[in-house]
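See structure below.
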Amino acid sequence: MREDFPQTITAKTKVKFAISESGVYVISITARCKGKNDLRVEIDNQLFREIPPKDNIQKFDIPPAWNGTKLKGRSQTNIFLLQLDEREYVVDFIPEGRVTIEKYSYWQIEDPTHVEFNLDQQAEEGDKRPWYTFALVGLPLKSIEAEVTVDWHYFDGDDVKLIIDNAIEKNSSSLLWKNWLWHATPGQLLSGPKREQKVITKDLPKGINYIELWADKTPTLHSIILDLGNLESKIAQPEPTTIPTVENPKWTGDFADDTDQIILARALFGEARNTLVPDEARIAIGWVIKNRVISAGWSNSYLGVITKPKHFSAFNLGDDNRSFVEDPLHTGKEVDREAWRKAFDIAGRIISDKLVDPTQGANHYYDGSISTPDWAEGQKPTLIISYINQYEVEVSIFFLSL
């Protein structure tokens, strides 16, 4: 992806950037879309989803995404705050349809305990739509301070709504505008614009937190200050997170808390953990799952496909591999740690289209050591992978497109 803006994209596009000093960084993206055209981003394959989590992962109808139905062609700025180490990172822009990215930038925050954005941005004319979202990734939040100007325009006035983790901050001083923390009144036709600064104390623990500002008409956002509190102490003694990572993949009790890469890695680890199984088989199994996700007639999410009852035996309660799915590192063995990291790496490369599908579109597979399933009778495999197991017996895995 060229890095001059604005530009319009219609397919998944990548931007790479390198960090030379560890710290807390901002990634700011302004984009616009309308109708059924949507946009979402992933940062180093991290999937952003709804708060609180639902059974079906929401990807485009969430605060840190751009939803064309809500925006109706107007722009929205999403600002991600996260801790980055010294290495290269990738931002994936994933559109549905046609979207325009107007601005993209990143920078390091000098004082992570006091993050100030001096914006002085006036919203485009429009009714009740997303305007700014601040996504805190693995960071705490103590308070928010925002300064906004609103005015009255003959028959309607400017309003700004504040939503934190899907909960609207109520305006206790108004019944008519109880969901709009800043609002104009007809009297301002005479008195003029009103500039107000408000402070909201939240004290949220380290994790994923979304701060949304919605605009009605043309308010102006002058500044927003995020107080992250004593960040160093919170990093030294982190709060439990609901999102498992490659270093700490233990199941939370709800697979919906997994990112796409984690849930796919669990499937590969549970189904083909044995070191004798070639990587080609793991890649092929991963593509069977992905082919279901991207095909009609199946769930359109990795979570939905993988956790569908009785489809992947490692996820069945009572299965010998279930404990490895729930906590891939529970044995403490280095061989399992290496196998888990390999499964995670393969999962990421499959999701990001860095590995070619060797199955030619297969959406089923079975182990030839068992009787041929009824659904596979008379079907021609698109791929057969054979290897010698620990008993020096040849085992074949058959992949089919049904």
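Chain labels run A, B, ... following the order of the structure tokens; each chain numbers its residues from 1, and ligands are numbered from 1 in the order shown.
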Contact check, range 41-111 of chain A to range 301-310 of chain A, at most 12 Å, counting only C-alpha atoms, closest pairs as CSV:
residue,atom,partner,partner_atom,distance
A:Leu47,CA,A:Tyr302,CA,11.5
A:Arg49,CA,A:Ser301,CA,11.9
A:Lys54,CA,A:Leu303,CA,11.1
A:Asp55,CA,A:Gly304,CA,8.3
A:Asn56,CA,A:Gly304,CA,6.9
A:Ile57,CA,A:Ser301,CA,7.0
A:Gln58,CA,A:Ser301,CA,9.2
A:Lys59,CA,A:Ser301,CA,9.5
query = Hey, what's within 12 Å of Ala135 in chain A if we count only C-alpha atoms and toss same-chain stuff fewer than 2 positions away? As JSON, numbers by chain, please?
reply = {"A": [25, 26, 27, 28, 29, 41, 43, 48, 49, 50, 51, 62, 63, 64, 65, 77, 78, 79, 80, 81, 82, 132, 133, 137, 138, 139, 140, 141, 163, 164, 165, 207, 208, 209, 210, 211, 212, 213, 226]}
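In this comparison, which uses only C-alpha atoms, the residue of A:Phe312, A:Ile289, A:Tyr391, A:Lys178 approaching Thr359 in chain A most closely is A:Ile289.
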Members of range 118-296 of chain A assigned helix (DSSP H, G or I) by DSSP, as a ChimeraX atom specification = /A:188-191,231-236,255-257,260-271,279-293
Taking C-alpha atoms for each residue, export the selection above as an mmCIF file, in the first residue's frame.
data_model
loop_
_atom_site.group_PDB
_atom_site.id
_atom_site.type_symbol
_atom_site.label_atom_id
_atom_site.label_comp_id
_atom_site.auth_asym_id
_atom_site.auth_seq_id
_atom_site.Cartn_x
_atom_site.Cartn_y
_atom_site.Cartn_z
ATOM 1 C CA GLN A 188 -28.118 29.891 21.911
ATOM 2 C CA LEU A 189 -29.619 31.579 18.860
ATOM 3 C CA LEU A 190 -29.083 34.718 20.959
ATOM 4 C CA SER A 191 -26.192 33.733 23.246
ATOM 5 C CA LEU A 231 0.826 2.956 34.138
ATOM 6 C CA GLU A 232 4.096 1.417 35.315
ATOM 7 C CA SER A 233 2.577 -0.224 38.385
ATOM 8 C CA LYS A 234 -0.289 -1.590 36.337
ATOM 9 C CA ILE A 235 2.145 -3.090 33.846
ATOM 10 C CA ALA A 236 4.171 -4.693 36.655
ATOM 11 C CA PHE A 255 -13.836 -19.332 23.160
ATOM 12 C CA ALA A 256 -15.505 -16.096 22.016
ATOM 13 C CA ASP A 257 -12.699 -14.287 23.885
ATOM 14 C CA ASP A 260 -9.146 -15.488 15.037
ATOM 15 C CA GLN A 261 -5.474 -16.469 15.142
ATOM 16 C CA ILE A 262 -5.743 -17.977 18.636
ATOM 17 C CA ILE A 263 -8.898 -20.021 17.917
ATOM 18 C CA LEU A 264 -7.463 -21.328 14.621
ATOM 19 C CA ALA A 265 -4.167 -22.178 16.359
ATOM 20 C CA ARG A 266 -6.121 -24.130 19.002
ATOM 21 C CA ALA A 267 -7.770 -26.147 16.238
ATOM 22 C CA LEU A 268 -4.460 -26.918 14.505
ATOM 23 C CA PHE A 269 -2.790 -27.763 17.823
ATOM 24 C CA GLY A 270 -5.634 -30.011 18.939
ATOM 25 C CA GLU A 271 -6.112 -31.769 15.616
ATOM 26 C CA ASP A 279 3.393 -28.958 8.423
ATOM 27 C CA GLU A 280 1.718 -29.546 5.066
ATOM 28 C CA ALA A 281 -1.098 -31.315 6.930
ATOM 29 C CA ARG A 282 -1.509 -28.487 9.431
ATOM 30 C CA ILE A 283 -1.637 -25.950 6.611
ATOM 31 C CA ALA A 284 -4.210 -28.047 4.760
ATOM 32 C CA ILE A 285 -6.397 -28.440 7.876
ATOM 33 C CA GLY A 286 -6.177 -24.695 8.466
ATOM 34 C CA TRP A 287 -7.310 -24.053 4.907
ATOM 35 C CA VAL A 288 -10.254 -26.426 5.292
ATOM 36 C CA ILE A 289 -11.391 -24.230 8.180
ATOM 37 C CA LYS A 290 -10.735 -20.995 6.278
ATOM 38 C CA ASN A 291 -12.581 -22.310 3.213
ATOM 39 C CA ARG A 292 -15.639 -22.836 5.396
ATOM 40 C CA VAL A 293 -15.340 -19.312 6.822
#
query = Smallest atom-to-atom distance to Lys217 in chain A: which of A:Gly68, A:Pro244, A:Gly97, A:Pro130, using only C-alpha atoms?
reply =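 For Lys217 in chain A, the nearest of the candidates is A:Pro130.
The gap separating CA of Glu169 in chain A from CA of Lys202 in chain A is 10.6 Å, in Å to one decimal.
Of note, CA of Leu84 in chain A and CA of Pro52 in chain A are spaced 25.0 Å apart.
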